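**Student:** Supplied structure: protein22.cif, mmCIF, N, CA and C atoms.
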data_target
loop_
_atom_site.label_atom_id
_atom_site.label_comp_id
_atom_site.auth_asym_id
_atom_site.auth_seq_id
_atom_site.Cartn_x
_atom_site.Cartn_y
_atom_site.Cartn_z
N MET A 1496 14.96 18.26 6.14
CA MET A 1496 13.69 18.62 5.52
C MET A 1496 13.61 18.07 4.10
N ALA A 1497 14.72 18.11 3.37
CA ALA A 1497 14.71 17.59 2.00
C ALA A 1497 14.40 16.10 2.00
N GLU A 1498 14.89 15.38 3.01
CA GLU A 1498 14.63 13.95 3.13
C GLU A 1498 13.12 13.69 3.26
N SER A 1499 12.44 14.45 4.10
CA SER A 1499 10.99 14.31 4.26
C SER A 1499 10.26 14.67 2.97
N ASN A 1500 10.71 15.74 2.30
CA ASN A 1500 10.07 16.14 1.04
C ASN A 1500 10.23 15.08 -0.03
N ASP A 1501 11.42 14.48 -0.12
CA ASP A 1501 11.66 13.41 -1.09
C ASP A 1501 10.78 12.20 -0.80
N PHE A 1502 10.66 11.84 0.49
CA PHE A 1502 9.80 10.72 0.87
C PHE A 1502 8.35 11.01 0.51
N LEU A 1503 7.86 12.20 0.85
CA LEU A 1503 6.47 12.54 0.53
C LEU A 1503 6.22 12.55 -0.98
N ALA A 1504 7.19 12.99 -1.75
CA ALA A 1504 7.04 12.96 -3.21
C ALA A 1504 6.92 11.52 -3.69
N TRP A 1505 7.70 10.61 -3.11
CA TRP A 1505 7.61 9.19 -3.46
C TRP A 1505 6.23 8.62 -3.08
N VAL A 1506 5.73 8.98 -1.90
CA VAL A 1506 4.41 8.52 -1.45
C VAL A 1506 3.34 8.98 -2.44
N ARG A 1507 3.44 10.23 -2.86
CA ARG A 1507 2.40 10.81 -3.73
C ARG A 1507 2.48 10.33 -5.18
N THR A 1508 3.61 9.77 -5.58
CA THR A 1508 3.76 9.32 -6.97
C THR A 1508 3.85 7.80 -7.06
N SER A 1509 4.95 7.24 -6.63
CA SER A 1509 5.18 5.79 -6.77
C SER A 1509 4.20 4.97 -5.95
N LEU A 1510 4.04 5.31 -4.67
CA LEU A 1510 3.12 4.55 -3.83
C LEU A 1510 1.69 4.71 -4.32
N TYR A 1511 1.28 5.93 -4.60
CA TYR A 1511 -0.07 6.18 -5.10
C TYR A 1511 -0.33 5.42 -6.40
N GLY A 1512 0.60 5.48 -7.33
CA GLY A 1512 0.44 4.80 -8.62
C GLY A 1512 0.33 3.29 -8.46
N ALA A 1513 1.11 2.74 -7.53
CA ALA A 1513 1.06 1.29 -7.30
C ALA A 1513 -0.28 0.87 -6.71
N GLU A 1514 -0.81 1.66 -5.79
CA GLU A 1514 -2.11 1.33 -5.20
C GLU A 1514 -3.23 1.47 -6.22
N LEU A 1515 -3.18 2.50 -7.03
CA LEU A 1515 -4.18 2.67 -8.08
C LEU A 1515 -4.14 1.50 -9.06
N ALA A 1516 -2.94 1.09 -9.46
CA ALA A 1516 -2.80 -0.04 -10.38
C ALA A 1516 -3.37 -1.32 -9.77
N LEU A 1517 -3.09 -1.57 -8.49
CA LEU A 1517 -3.62 -2.77 -7.84
C LEU A 1517 -5.14 -2.77 -7.88
N HIS A 1518 -5.74 -1.63 -7.61
CA HIS A 1518 -7.19 -1.53 -7.61
C HIS A 1518 -7.79 -1.60 -9.01
N ASN A 1519 -6.94 -1.56 -10.01
CA ASN A 1519 -7.39 -1.79 -11.40
C ASN A 1519 -6.93 -3.16 -11.91
N GLY A 1520 -6.51 -4.04 -10.99
CA GLY A 1520 -6.20 -5.41 -11.35
C GLY A 1520 -4.76 -5.71 -11.71
N ASP A 1521 -3.83 -4.80 -11.43
CA ASP A 1521 -2.42 -5.00 -11.78
C ASP A 1521 -1.56 -4.95 -10.52
N ALA A 1522 -1.05 -6.11 -10.09
CA ALA A 1522 -0.25 -6.19 -8.87
C ALA A 1522 1.23 -5.86 -9.09
N VAL A 1523 1.68 -5.78 -10.34
CA VAL A 1523 3.12 -5.61 -10.62
C VAL A 1523 3.68 -4.32 -10.01
N PRO A 1524 3.04 -3.16 -10.18
CA PRO A 1524 3.61 -1.94 -9.56
C PRO A 1524 3.65 -2.00 -8.03
N ARG A 1525 2.64 -2.62 -7.42
CA ARG A 1525 2.67 -2.72 -5.95
C ARG A 1525 3.82 -3.61 -5.52
N ARG A 1526 4.00 -4.72 -6.18
CA ARG A 1526 5.07 -5.64 -5.80
C ARG A 1526 6.43 -4.96 -5.97
N ALA A 1527 6.53 -4.10 -6.98
CA ALA A 1527 7.80 -3.43 -7.26
C ALA A 1527 8.23 -2.48 -6.15
N ILE A 1528 7.27 -1.92 -5.41
CA ILE A 1528 7.63 -0.98 -4.34
C ILE A 1528 7.80 -1.67 -3.00
N TRP A 1529 7.58 -2.98 -2.95
CA TRP A 1529 7.76 -3.74 -1.71
C TRP A 1529 9.15 -4.33 -1.65
N SER A 1530 9.68 -4.42 -0.45
CA SER A 1530 11.00 -4.99 -0.23
C SER A 1530 11.05 -6.45 -0.64
N ARG A 1531 12.18 -6.86 -1.16
CA ARG A 1531 12.46 -8.26 -1.46
C ARG A 1531 13.30 -8.88 -0.35
N LYS A 1532 13.48 -8.12 0.73
CA LYS A 1532 14.25 -8.60 1.88
C LYS A 1532 13.29 -8.85 3.04
N ASP A 1533 13.37 -10.03 3.61
CA ASP A 1533 12.56 -10.31 4.80
C ASP A 1533 13.17 -9.61 6.00
N PRO A 1534 12.35 -9.23 6.98
CA PRO A 1534 10.94 -9.54 7.09
C PRO A 1534 10.06 -8.54 6.33
N VAL A 1535 8.97 -9.07 5.77
CA VAL A 1535 7.89 -8.27 5.20
C VAL A 1535 6.59 -8.87 5.73
N SER A 1536 5.59 -8.01 5.91
CA SER A 1536 4.33 -8.51 6.47
C SER A 1536 3.17 -7.60 6.11
N VAL A 1537 1.99 -8.22 6.06
CA VAL A 1537 0.74 -7.49 5.87
C VAL A 1537 -0.25 -8.02 6.89
N LEU A 1538 -0.81 -7.12 7.66
CA LEU A 1538 -1.96 -7.43 8.49
C LEU A 1538 -3.11 -6.70 7.82
N GLY A 1539 -3.78 -7.40 6.91
CA GLY A 1539 -4.71 -6.76 6.01
C GLY A 1539 -6.14 -6.76 6.47
N ALA A 1540 -6.91 -5.91 5.82
CA ALA A 1540 -8.34 -5.83 6.11
C ALA A 1540 -9.04 -7.13 5.73
N TRP A 1541 -8.50 -7.83 4.72
CA TRP A 1541 -9.12 -9.08 4.26
C TRP A 1541 -8.26 -10.30 4.48
N ARG A 1542 -6.94 -10.14 4.50
CA ARG A 1542 -6.05 -11.29 4.59
C ARG A 1542 -4.67 -10.85 5.06
N ASN A 1543 -3.97 -11.72 5.76
CA ASN A 1543 -2.63 -11.44 6.24
C ASN A 1543 -1.60 -12.16 5.38
N ALA A 1544 -0.35 -11.69 5.44
CA ALA A 1544 0.75 -12.34 4.71
C ALA A 1544 2.05 -12.08 5.46
N PHE A 1545 2.90 -13.12 5.51
CA PHE A 1545 4.20 -13.02 6.16
C PHE A 1545 5.23 -13.67 5.25
N GLY A 1546 6.25 -12.92 4.86
CA GLY A 1546 7.29 -13.44 3.99
C GLY A 1546 6.96 -13.24 2.52
N GLN A 1547 7.99 -13.44 1.70
CA GLN A 1547 7.89 -13.14 0.26
C GLN A 1547 6.83 -13.97 -0.47
N GLN A 1548 6.78 -15.27 -0.22
CA GLN A 1548 5.83 -16.12 -0.93
C GLN A 1548 4.38 -15.74 -0.62
N GLU A 1549 4.08 -15.56 0.65
CA GLU A 1549 2.72 -15.18 1.02
C GLU A 1549 2.37 -13.79 0.48
N LEU A 1550 3.35 -12.89 0.46
CA LEU A 1550 3.13 -11.55 -0.08
C LEU A 1550 2.77 -11.62 -1.56
N ASP A 1551 3.54 -12.40 -2.33
CA ASP A 1551 3.24 -12.58 -3.75
C ASP A 1551 1.83 -13.15 -3.95
N GLN A 1552 1.47 -14.15 -3.16
CA GLN A 1552 0.14 -14.76 -3.28
C GLN A 1552 -0.95 -13.75 -2.94
N LEU A 1553 -0.74 -12.96 -1.90
CA LEU A 1553 -1.73 -11.96 -1.50
C LEU A 1553 -1.94 -10.93 -2.60
N PHE A 1554 -0.86 -10.36 -3.11
CA PHE A 1554 -0.99 -9.31 -4.13
C PHE A 1554 -1.63 -9.85 -5.41
N THR A 1555 -1.28 -11.07 -5.80
CA THR A 1555 -1.88 -11.69 -6.99
C THR A 1555 -3.37 -11.90 -6.78
N SER A 1556 -3.74 -12.37 -5.60
CA SER A 1556 -5.15 -12.61 -5.27
C SER A 1556 -5.95 -11.30 -5.26
N LEU A 1557 -5.39 -10.27 -4.64
CA LEU A 1557 -6.09 -8.98 -4.60
C LEU A 1557 -6.29 -8.42 -6.00
N ALA A 1558 -5.26 -8.51 -6.84
CA ALA A 1558 -5.36 -7.98 -8.21
C ALA A 1558 -6.47 -8.70 -8.99
N LYS A 1559 -6.65 -9.98 -8.73
CA LYS A 1559 -7.72 -10.74 -9.40
C LYS A 1559 -9.10 -10.30 -8.93
N GLN A 1560 -9.20 -9.85 -7.68
CA GLN A 1560 -10.48 -9.42 -7.13
C GLN A 1560 -10.86 -8.00 -7.54
N PHE A 1561 -9.86 -7.12 -7.71
CA PHE A 1561 -10.12 -5.71 -7.96
C PHE A 1561 -10.20 -5.40 -9.45
N SER A 1562 -11.08 -4.45 -9.80
CA SER A 1562 -11.15 -3.93 -11.17
C SER A 1562 -11.93 -2.61 -11.14
N ASN A 1563 -11.81 -1.88 -12.23
CA ASN A 1563 -12.63 -0.69 -12.45
C ASN A 1563 -12.61 0.28 -11.27
N CYS A 1564 -11.42 0.67 -10.85
CA CYS A 1564 -11.29 1.65 -9.76
C CYS A 1564 -11.73 3.01 -10.28
N THR A 1565 -12.77 3.55 -9.71
CA THR A 1565 -13.26 4.86 -10.13
C THR A 1565 -12.74 5.98 -9.25
N SER A 1566 -12.21 5.61 -8.06
CA SER A 1566 -11.67 6.63 -7.17
C SER A 1566 -10.75 5.98 -6.14
N TYR A 1567 -9.56 6.56 -5.97
CA TYR A 1567 -8.65 6.15 -4.90
C TYR A 1567 -7.96 7.41 -4.40
N ARG A 1568 -8.04 7.63 -3.09
CA ARG A 1568 -7.40 8.79 -2.48
C ARG A 1568 -6.80 8.37 -1.15
N PHE A 1569 -5.52 8.72 -0.95
CA PHE A 1569 -4.85 8.46 0.32
C PHE A 1569 -4.80 9.75 1.11
N GLU A 1570 -5.49 9.76 2.23
CA GLU A 1570 -5.52 10.92 3.12
C GLU A 1570 -4.44 10.72 4.19
N LEU A 1571 -3.31 11.35 3.99
CA LEU A 1571 -2.17 11.21 4.90
C LEU A 1571 -2.45 11.97 6.19
N LEU A 1572 -2.42 11.25 7.31
CA LEU A 1572 -2.69 11.86 8.61
C LEU A 1572 -1.42 12.10 9.41
N ALA A 1573 -0.43 11.22 9.25
CA ALA A 1573 0.83 11.36 9.98
C ALA A 1573 1.92 10.61 9.24
N TYR A 1574 3.15 11.08 9.40
CA TYR A 1574 4.30 10.39 8.81
C TYR A 1574 5.55 10.88 9.51
N ASP A 1575 6.62 10.11 9.34
CA ASP A 1575 7.92 10.55 9.81
C ASP A 1575 8.98 9.80 9.04
N VAL A 1576 10.13 10.41 8.92
CA VAL A 1576 11.30 9.82 8.29
C VAL A 1576 12.45 9.96 9.28
N VAL A 1577 13.07 8.83 9.62
CA VAL A 1577 14.22 8.84 10.52
C VAL A 1577 15.29 7.97 9.88
N GLY A 1578 16.26 8.62 9.27
CA GLY A 1578 17.31 7.87 8.59
C GLY A 1578 16.75 7.06 7.44
N ASP A 1579 16.95 5.74 7.49
CA ASP A 1579 16.50 4.85 6.42
C ASP A 1579 15.17 4.18 6.73
N LEU A 1580 14.45 4.70 7.73
CA LEU A 1580 13.13 4.17 8.08
C LEU A 1580 12.10 5.30 8.02
N ALA A 1581 10.87 4.93 7.66
CA ALA A 1581 9.79 5.90 7.61
C ALA A 1581 8.47 5.18 7.86
N TYR A 1582 7.45 5.96 8.17
CA TYR A 1582 6.11 5.39 8.29
C TYR A 1582 5.09 6.39 7.78
N THR A 1583 3.93 5.84 7.40
CA THR A 1583 2.77 6.68 7.09
C THR A 1583 1.56 6.10 7.81
N ALA A 1584 0.65 6.95 8.18
CA ALA A 1584 -0.64 6.55 8.74
C ALA A 1584 -1.69 7.43 8.08
N GLY A 1585 -2.74 6.80 7.58
CA GLY A 1585 -3.76 7.58 6.92
C GLY A 1585 -4.99 6.77 6.59
N LEU A 1586 -5.85 7.40 5.81
CA LEU A 1586 -7.10 6.78 5.39
C LEU A 1586 -7.09 6.62 3.88
N GLU A 1587 -7.44 5.42 3.43
CA GLU A 1587 -7.56 5.14 2.00
C GLU A 1587 -9.04 5.13 1.64
N HIS A 1588 -9.44 6.06 0.79
CA HIS A 1588 -10.82 6.17 0.32
C HIS A 1588 -10.87 5.54 -1.06
N THR A 1589 -11.63 4.45 -1.21
CA THR A 1589 -11.60 3.69 -2.46
C THR A 1589 -13.00 3.36 -2.96
N SER A 1590 -13.19 3.54 -4.27
CA SER A 1590 -14.39 3.05 -4.97
C SER A 1590 -13.89 2.16 -6.09
N VAL A 1591 -14.28 0.89 -6.06
CA VAL A 1591 -13.72 -0.12 -6.94
C VAL A 1591 -14.71 -1.27 -7.08
N SER A 1592 -14.55 -2.09 -8.09
CA SER A 1592 -15.32 -3.33 -8.16
C SER A 1592 -14.51 -4.43 -7.49
N VAL A 1593 -15.15 -5.15 -6.59
CA VAL A 1593 -14.54 -6.29 -5.92
C VAL A 1593 -15.32 -7.53 -6.35
N ASP A 1594 -14.63 -8.42 -7.03
CA ASP A 1594 -15.29 -9.60 -7.61
C ASP A 1594 -16.49 -9.19 -8.47
N GLY A 1595 -16.32 -8.08 -9.20
CA GLY A 1595 -17.34 -7.62 -10.13
C GLY A 1595 -18.45 -6.78 -9.52
N GLU A 1596 -18.44 -6.60 -8.21
CA GLU A 1596 -19.47 -5.81 -7.53
C GLU A 1596 -18.91 -4.47 -7.10
N PRO A 1597 -19.55 -3.35 -7.49
CA PRO A 1597 -19.07 -2.04 -7.08
C PRO A 1597 -19.12 -1.89 -5.55
N ARG A 1598 -18.03 -1.35 -4.99
CA ARG A 1598 -17.94 -1.11 -3.55
C ARG A 1598 -17.18 0.17 -3.29
N SER A 1599 -17.55 0.82 -2.22
CA SER A 1599 -16.79 1.96 -1.72
C SER A 1599 -16.50 1.70 -0.25
N TYR A 1600 -15.28 2.01 0.15
CA TYR A 1600 -14.90 1.76 1.54
C TYR A 1600 -13.74 2.67 1.92
N ILE A 1601 -13.52 2.76 3.22
CA ILE A 1601 -12.40 3.49 3.77
C ILE A 1601 -11.60 2.53 4.64
N LEU A 1602 -10.30 2.49 4.41
CA LEU A 1602 -9.40 1.69 5.24
C LEU A 1602 -8.47 2.61 6.02
N ARG A 1603 -8.25 2.27 7.28
CA ARG A 1603 -7.15 2.89 8.02
C ARG A 1603 -5.91 2.11 7.60
N ALA A 1604 -4.87 2.80 7.19
CA ALA A 1604 -3.67 2.12 6.71
C ALA A 1604 -2.42 2.73 7.34
N THR A 1605 -1.62 1.86 7.94
CA THR A 1605 -0.33 2.25 8.48
C THR A 1605 0.72 1.40 7.77
N GLN A 1606 1.76 2.05 7.26
CA GLN A 1606 2.81 1.32 6.55
C GLN A 1606 4.17 1.75 7.08
N ILE A 1607 5.10 0.80 7.03
CA ILE A 1607 6.48 1.05 7.42
C ILE A 1607 7.35 0.84 6.19
N TYR A 1608 8.33 1.73 6.03
CA TYR A 1608 9.19 1.73 4.84
C TYR A 1608 10.65 1.66 5.28
N ARG A 1609 11.45 1.07 4.40
CA ARG A 1609 12.89 0.98 4.62
C ARG A 1609 13.57 1.44 3.34
N ARG A 1610 14.58 2.28 3.47
CA ARG A 1610 15.33 2.70 2.29
C ARG A 1610 16.36 1.61 1.99
N GLU A 1611 16.29 1.07 0.75
CA GLU A 1611 17.19 0.00 0.32
C GLU A 1611 17.86 0.45 -0.98
N ASP A 1612 19.17 0.52 -0.96
CA ASP A 1612 19.92 0.96 -2.14
C ASP A 1612 19.41 2.30 -2.66
N GLY A 1613 19.08 3.19 -1.73
CA GLY A 1613 18.64 4.54 -2.08
C GLY A 1613 17.18 4.67 -2.46
N LEU A 1614 16.41 3.56 -2.47
CA LEU A 1614 14.99 3.58 -2.85
C LEU A 1614 14.12 3.19 -1.67
N TRP A 1615 12.97 3.84 -1.54
CA TRP A 1615 12.02 3.48 -0.49
C TRP A 1615 11.30 2.21 -0.88
N LYS A 1616 11.17 1.29 0.08
CA LYS A 1616 10.45 0.03 -0.11
C LYS A 1616 9.52 -0.18 1.08
N VAL A 1617 8.33 -0.69 0.82
CA VAL A 1617 7.39 -1.01 1.89
C VAL A 1617 7.83 -2.32 2.53
N THR A 1618 7.79 -2.36 3.86
CA THR A 1618 8.14 -3.60 4.57
C THR A 1618 6.99 -4.14 5.41
N HIS A 1619 6.04 -3.28 5.76
CA HIS A 1619 4.90 -3.73 6.57
C HIS A 1619 3.70 -2.85 6.27
N ARG A 1620 2.54 -3.49 6.27
CA ARG A 1620 1.26 -2.78 6.09
C ARG A 1620 0.26 -3.33 7.07
N HIS A 1621 -0.45 -2.43 7.72
CA HIS A 1621 -1.61 -2.82 8.51
C HIS A 1621 -2.78 -2.00 8.01
N GLY A 1622 -3.85 -2.69 7.65
CA GLY A 1622 -5.05 -2.01 7.18
C GLY A 1622 -6.28 -2.62 7.80
N ASP A 1623 -7.23 -1.77 8.18
CA ASP A 1623 -8.51 -2.28 8.63
C ASP A 1623 -9.60 -1.29 8.24
N THR A 1624 -10.82 -1.79 8.24
CA THR A 1624 -11.93 -0.97 7.78
C THR A 1624 -12.33 0.04 8.86
N VAL A 1625 -12.82 1.16 8.40
CA VAL A 1625 -13.36 2.18 9.28
C VAL A 1625 -14.85 1.92 9.36
N ASN A 1626 -15.33 1.71 10.56
CA ASN A 1626 -16.77 1.48 10.74
C ASN A 1626 -17.49 2.82 10.80
N PRO A 1627 -18.56 2.95 10.01
CA PRO A 1627 -19.29 4.23 10.01
C PRO A 1627 -19.94 4.55 11.33
#
Since I need it in another form, could you write the structure as structure tokens?

**Tutor:**
Amino acid sequence: MAESNDFLAWVRTSLYGAELALHNGDAVPRRAIWSRKDPVSVLGAWRNAFGQQELDQLFTSLAKQFSNCTSYRFELLAYDVVGDLAYTAGLEHTSVSVDGEPRSYILRATQIYRREDGLWKVTHRHGDTVNP
């Protein structure tokens, strides 16, 4: 139980802070919580990435597009921790400027995590838009 509580605390602090920073134009915190060990992948709502180089390009590109995040909330729907692996599934509710235009949207987001040297790191993300 302590393992699950520690993971959830990380999701609510480090992961949340990294996503908020990205939506305000700063990719550094998001990149810091992602694994530097392949394989890593993103099947994104706007773009996909496979491997370290594509991941760096994706996060840099997204940070350039995003600014002025007025609201970001991760609605956790399911999660599990099994040893050094974990996952989350939920809804990301975001209000942000994209290329200077205010937008609000909801993404379904599923992520897979691996514990590396005692720290949780994201290894895979799948996100897609929720159609109203």

**Student:** Need the neighbours of (8.8, 6.0, 3.9): which residues are at most 5 Å away, counting only N, CA and C atoms, as number ranges by chain?

**Tutor:** A: 1581-1582, 1608

**Student:** For A:Leu1538, find every residue with an atom within 6.5 Å (counting all atoms listed in the file), except residues of its own chain fewer than 3 positions away, and show them as a ChimeraX atom specification.

**Tutor:** /A:1541-1544,1619-1623

**Student:** I'd like the interatomic distance between atom C of A:His1518 and atom N of A:His1588, to a tenth of an Å.

**Tutor:**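 Value for the atom C of A:His1518-atom N of A:His1588 distance: 12.5 Å.
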
**Student:** Could you give me the residues within stretch 1556-1591 of chain A that DSSP places in strand (DSSP E or B), as a list in words?

**Tutor:** Phe1561, Ser1562, Asn1563, Cys1564, Thr1565, Ser1566, Tyr1567, Arg1568, Phe1569, Glu1570, Leu1571, Leu1572, Ala1573, Tyr1574, Asp1575, Val1576, Val1577, Leu1580, Ala1581, Tyr1582, Thr1583, Ala1584, Gly1585, Leu1586, Glu1587, His1588, Thr1589, Ser1590 and Val1591 of chain A

**Student:** Using only C-alpha atoms, can you tell me which of A:Arg1610, A:Lys1559, A:Arg1603, A:Arg1598 comes closest to A:Asp1521?

**Tutor:**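 Among the listed residues, A:Lys1559 lies closest to A:Asp1521.
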
**Student:** Write out as a VMD selection string each polymer residue whose atoms come within 8 Å of A:Asp1594, counting all atoms listed in the file; drop sequence neighbours fewer than 4 positions from it.

**Tutor:** chain A and resid 1559 to 1562

**Student:** From the structure just shown, export stretch 1509-1582 of chain A with C-alpha atoms as a CSV table (one decimal), in the first residue's frame.

**Tutor:**
chain,number,residue,atom,x,y,z
A,1509,SER,CA,6.2,15.8,-10.0
A,1510,LEU,CA,4.0,14.6,-12.9
A,1511,TYR,CA,1.4,17.4,-12.4
A,1512,GLY,CA,4.1,20.1,-12.1
A,1513,ALA,CA,5.8,18.9,-15.3
A,1514,GLU,CA,2.6,18.9,-17.3
A,1515,LEU,CA,1.7,22.4,-16.0
A,1516,ALA,CA,5.1,23.7,-16.9
A,1517,LEU,CA,4.8,22.2,-20.4
A,1518,HIS,CA,1.5,24.0,-20.9
A,1519,ASN,CA,3.2,27.2,-19.9
A,1520,GLY,CA,6.0,26.8,-22.5
A,1521,ASP,CA,8.7,25.0,-20.5
A,1522,ALA,CA,9.5,21.4,-21.6
A,1523,VAL,CA,12.4,20.9,-19.1
A,1524,PRO,CA,10.4,19.5,-16.2
A,1525,ARG,CA,8.5,17.1,-18.5
A,1526,ARG,CA,11.7,15.9,-20.1
A,1527,ALA,CA,13.2,15.4,-16.6
A,1528,ILE,CA,10.4,12.9,-15.6
A,1529,TRP,CA,10.8,10.8,-18.8
A,1530,SER,CA,13.1,7.9,-19.0
A,1531,ARG,CA,16.5,8.3,-20.8
A,1532,LYS,CA,16.4,4.6,-21.5
A,1533,ASP,CA,14.8,3.2,-24.7
A,1534,PRO,CA,12.2,2.2,-25.5
A,1535,VAL,CA,10.2,5.4,-25.0
A,1536,SER,CA,7.2,6.4,-27.1
A,1537,VAL,CA,4.3,8.8,-27.4
A,1538,LEU,CA,1.2,8.2,-29.4
A,1539,GLY,CA,0.0,11.7,-29.1
A,1540,ALA,CA,-3.2,13.6,-29.8
A,1541,TRP,CA,-1.2,15.8,-32.2
A,1542,ARG,CA,2.0,14.0,-33.0
A,1543,ASN,CA,3.8,10.7,-32.3
A,1544,ALA,CA,7.4,10.1,-31.1
A,1545,PHE,CA,9.6,7.0,-30.8
A,1546,GLY,CA,13.0,7.1,-29.2
A,1547,GLN,CA,15.0,9.8,-27.4
A,1548,GLN,CA,15.6,12.1,-30.3
A,1549,GLU,CA,12.0,12.2,-31.5
A,1550,LEU,CA,10.9,12.7,-27.8
A,1551,ASP,CA,13.1,15.7,-27.4
A,1552,GLN,CA,11.9,17.2,-30.6
A,1553,LEU,CA,8.2,16.6,-29.7
A,1554,PHE,CA,8.5,18.2,-26.2
A,1555,THR,CA,10.4,21.2,-27.6
A,1556,SER,CA,7.8,21.7,-30.3
A,1557,LEU,CA,4.9,21.4,-27.8
A,1558,ALA,CA,6.5,23.9,-25.4
A,1559,LYS,CA,6.8,26.4,-28.3
A,1560,GLN,CA,3.1,26.0,-29.1
A,1561,PHE,CA,1.8,26.2,-25.5
A,1562,SER,CA,1.5,29.3,-23.3
A,1563,ASN,CA,-0.7,31.0,-20.7
A,1564,CYS,CA,-2.2,27.8,-19.1
A,1565,THR,CA,-5.1,29.0,-17.1
A,1566,SER,CA,-6.2,25.6,-16.0
A,1567,TYR,CA,-4.8,22.0,-16.0
A,1568,ARG,CA,-6.4,19.1,-14.1
A,1569,PHE,CA,-5.6,15.4,-14.3
A,1570,GLU,CA,-8.7,13.3,-13.4
A,1571,LEU,CA,-7.2,10.0,-12.5
A,1572,LEU,CA,-9.6,7.2,-13.4
A,1573,ALA,CA,-7.4,4.1,-12.9
A,1574,TYR,CA,-3.9,3.2,-11.9
A,1575,ASP,CA,-1.8,0.3,-10.7
A,1576,VAL,CA,1.7,-0.3,-9.4
A,1577,VAL,CA,3.3,-3.7,-9.8
A,1578,GLY,CA,6.9,-3.8,-8.7
A,1579,ASP,CA,8.9,-1.4,-10.8
A,1580,LEU,CA,6.1,-0.8,-13.3
A,1581,ALA,CA,3.0,1.4,-13.1
A,1582,TYR,CA,0.3,2.9,-15.2
